[in-house]
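Asks: Right, I'll just put the structure down here and ask away after.
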Amino acid sequence: MLDALIVISFMLAGAGIGFYSVDLLPQRILQQVTNLEGLSSVTAGFGALLGTALGLVVQTSYRRLEKQVRDMPPDRLLTRAVGLVVGLLIANLMLAPLFLLPIPAEFVFIKPMMAVLGSVLFAVSGMNLVDTHGRSLLRIINPNSVESMLLAEGTLKPSTTKVLDTSCIIDGRIEGLLDTKFLEGQILVPQFVLQELQQVADASNDQKRVRGRRGLDILNRIRETYPNRVLINAADYEDIPTVDAKLVKLAQELNATLLTNDYNLNKVASFQDVDVLNINDLAQAIRPNYLPGDDIDLRIVKEGKEPQQGVGYLNDGTMVVVEEGRDHIGDELAVVVTGSLQTSAGRMIFARPKTSVVTS
């Protein structure tokens, strides 16, 4: 409807201009015209054709501009509007003295021409300027406005809530992840996980009891350090018997991420389309990759299976087999990596004492 209205408006305007433009012809030409009404009709027809063509161009340009405005991010639309208004305001302030200057009548057209050119120049300059510094301007006005707009348009995504399981709390590495700020979002501890942790702490087995109490201590520490991030959730599912199944159900309902180091729970949750962060996978991914020729400072702790072999361990538990290291048991030794082997039990590194490599 709007497209047709634009075209019809330009067509009627062109026809009207063409019809009445005959009166602007010189008098000597009008005296030679035998049928003035016929000439007016012809010029009206040409004007209507030109108006229709111009209307189609305007209609196409309008739709293109409308699409650009619709697809434009809200922050850019707002800043461009502000830049346009500021540019026009500056143009009017700077061009105001021009209209007070005495200009001869022959050059009076300079004033409106300079006004139009100056307004266009400053308006475009204002919009270009805010395209470069617009978000910084919004951040000064309202520090939270840019992030809110980016979240609304999908450029940024909010951090998902992390649901902790019992093994992850007892493991203790969650505390280091929070301290180093590698873990974002809210940390949710379900009430049924807290109950399971208490049962482990009250177990008759000494080893389980120590693990449970360690988990409770870690949980108390991270709650004291991050009171606004670590929350206890009271949700429970009495019809679901196991804690692992409850964790998966809660993560599905909250659209949250499950944080665990339990291999089986990881597989079950992934099968049910629940996002999982496995701390063991993270530790494996950031484990240093030693290549042949790299130096390692290592303490030899025991004998190897073969004669003259010594065995040491890296901080992440990787076993290092050192040739000619049997005589250095209990000593800190500089070794050079000669190779590595990936087995189902993990990774194994082979090395030789650095002095032996140099002398050979």
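Chain identifiers are assigned as A, B, and so on, following the order in which chains appear in the structure tokens; residues are numbered from 1 within each chain, and ligands are numbered from 1 in order of appearance.
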Give me, as a short mmCIF file (atom, residue, chain, number, x, y, z; two decimals) with N, CA and C atoms, in the first residue's frame, all polymer residues having an atom no more than 9 Å from A:Ser340, counting only C-alpha atoms and skipping those fewer than 5 positions away in the same chain.
Replies:
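Just written: around.cif:
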data_model
loop_
_atom_site.label_atom_id
_atom_site.label_comp_id
_atom_site.auth_asym_id
_atom_site.auth_seq_id
_atom_site.Cartn_x
_atom_site.Cartn_y
_atom_site.Cartn_z
N TYR A 290 55.32 -32.29 26.20
CA TYR A 290 56.78 -32.31 26.11
C TYR A 290 57.21 -33.01 24.83
N LEU A 291 58.17 -32.39 24.12
CA LEU A 291 58.69 -32.92 22.88
C LEU A 291 60.13 -33.37 23.09
N PRO A 292 60.63 -34.28 22.25
CA PRO A 292 62.04 -34.70 22.36
C PRO A 292 62.98 -33.50 22.33
N VAL A 320 57.40 -40.48 34.22
CA VAL A 320 58.58 -40.26 33.39
C VAL A 320 59.58 -41.38 33.69
N ARG A 347 49.59 -41.11 29.67
CA ARG A 347 50.77 -40.80 28.88
C ARG A 347 52.02 -41.15 29.66
N MET A 348 53.04 -41.63 28.94
CA MET A 348 54.31 -42.00 29.54
C MET A 348 55.41 -41.29 28.76
N ILE A 349 56.34 -40.67 29.49
CA ILE A 349 57.44 -39.93 28.88
C ILE A 349 58.74 -40.65 29.16
N PHE A 350 59.61 -40.73 28.16
CA PHE A 350 60.93 -41.34 28.31
C PHE A 350 61.98 -40.25 28.25
N ALA A 351 63.01 -40.38 29.10
CA ALA A 351 64.03 -39.34 29.18
C ALA A 351 65.37 -39.96 29.58
#
Asks: Give me the residues near stretch 253-270 of chain A as a PyMOL selection string, where near means some atom within 7 Å (using only C-alpha atoms) and where sequence neighbours in that chain fewer than 2 positions away do not count.
Replies: chain A and resi 160-165+167-168+244+248-251+272-280
Asks: Choose the residue, out of A:Gly47, A:Gly18, A:Pro227, A:Gly126, that has the smallest atom-to-atom separation from A:Val85; count only C-alpha atoms.
Replies: A:Gly126
Asks: Extract, using only C-alpha atoms, all DNA, RNA and protein residues at most 7 Å from A:Gly293, discarding same-chain residues fewer than 6 positions from it, and format them as a PyMOL selection string.
Replies: chain A and resi 336-338
Asks: Just how far from atom CA of A:Ala115 is atom CA of A:Thr60, in Å to one decimal?
Replies: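 Interatomic distance, atom CA of A:Thr60 to atom CA of A:Ala115: 28.0 Å.
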Asks: I need the residues of stretch 165-359 of chain A that end up classed as strand (DSSP E or B) by DSSP on the backbone, written out as a PyMOL selection string.
Replies: chain A and resi 187-190+230-233+257-260+276-278+295-303+309-313+319-323+332-343+346-353
Asks: For A:Lys208, which of A:Leu78, A:Leu341, A:Ile286, A:Ile170 is the closest residue, counting only C-alpha atoms?
Replies: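 The closest residue to A:Lys208 is A:Ile170.
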Asks: Kindly give the distance, in Å, that separates atom CA of A:Leu84 and atom CA of A:Ile6, rounded to a single decimal.
Replies: 25.2 Å
Asks: Just want the 12 Å neighbourhood of stretch 302-308 of chain A, counted on only C-alpha atoms, with same-chain residues fewer than 5 positions away dropped. Output as a count of residues only.
Replies: 17
Asks: Go ahead and compute the interatomic distance for atom CA of A:Gly312 and atom CA of A:Arg299, in Å to one decimal.
Replies: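 Computing the Euclidean distance for atom CA of A:Gly312 and atom CA of A:Arg299 yields 5.7 Å.
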Asks: Identify which of the residues A:Ser119, A:Thr180, A:Asp3, A:Ala48 lies closest to A:Leu93, counting only C-alpha atoms when measuring atom-to-atom distances.
Replies: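 Under the stated criterion, the closest residue is A:Ser119.
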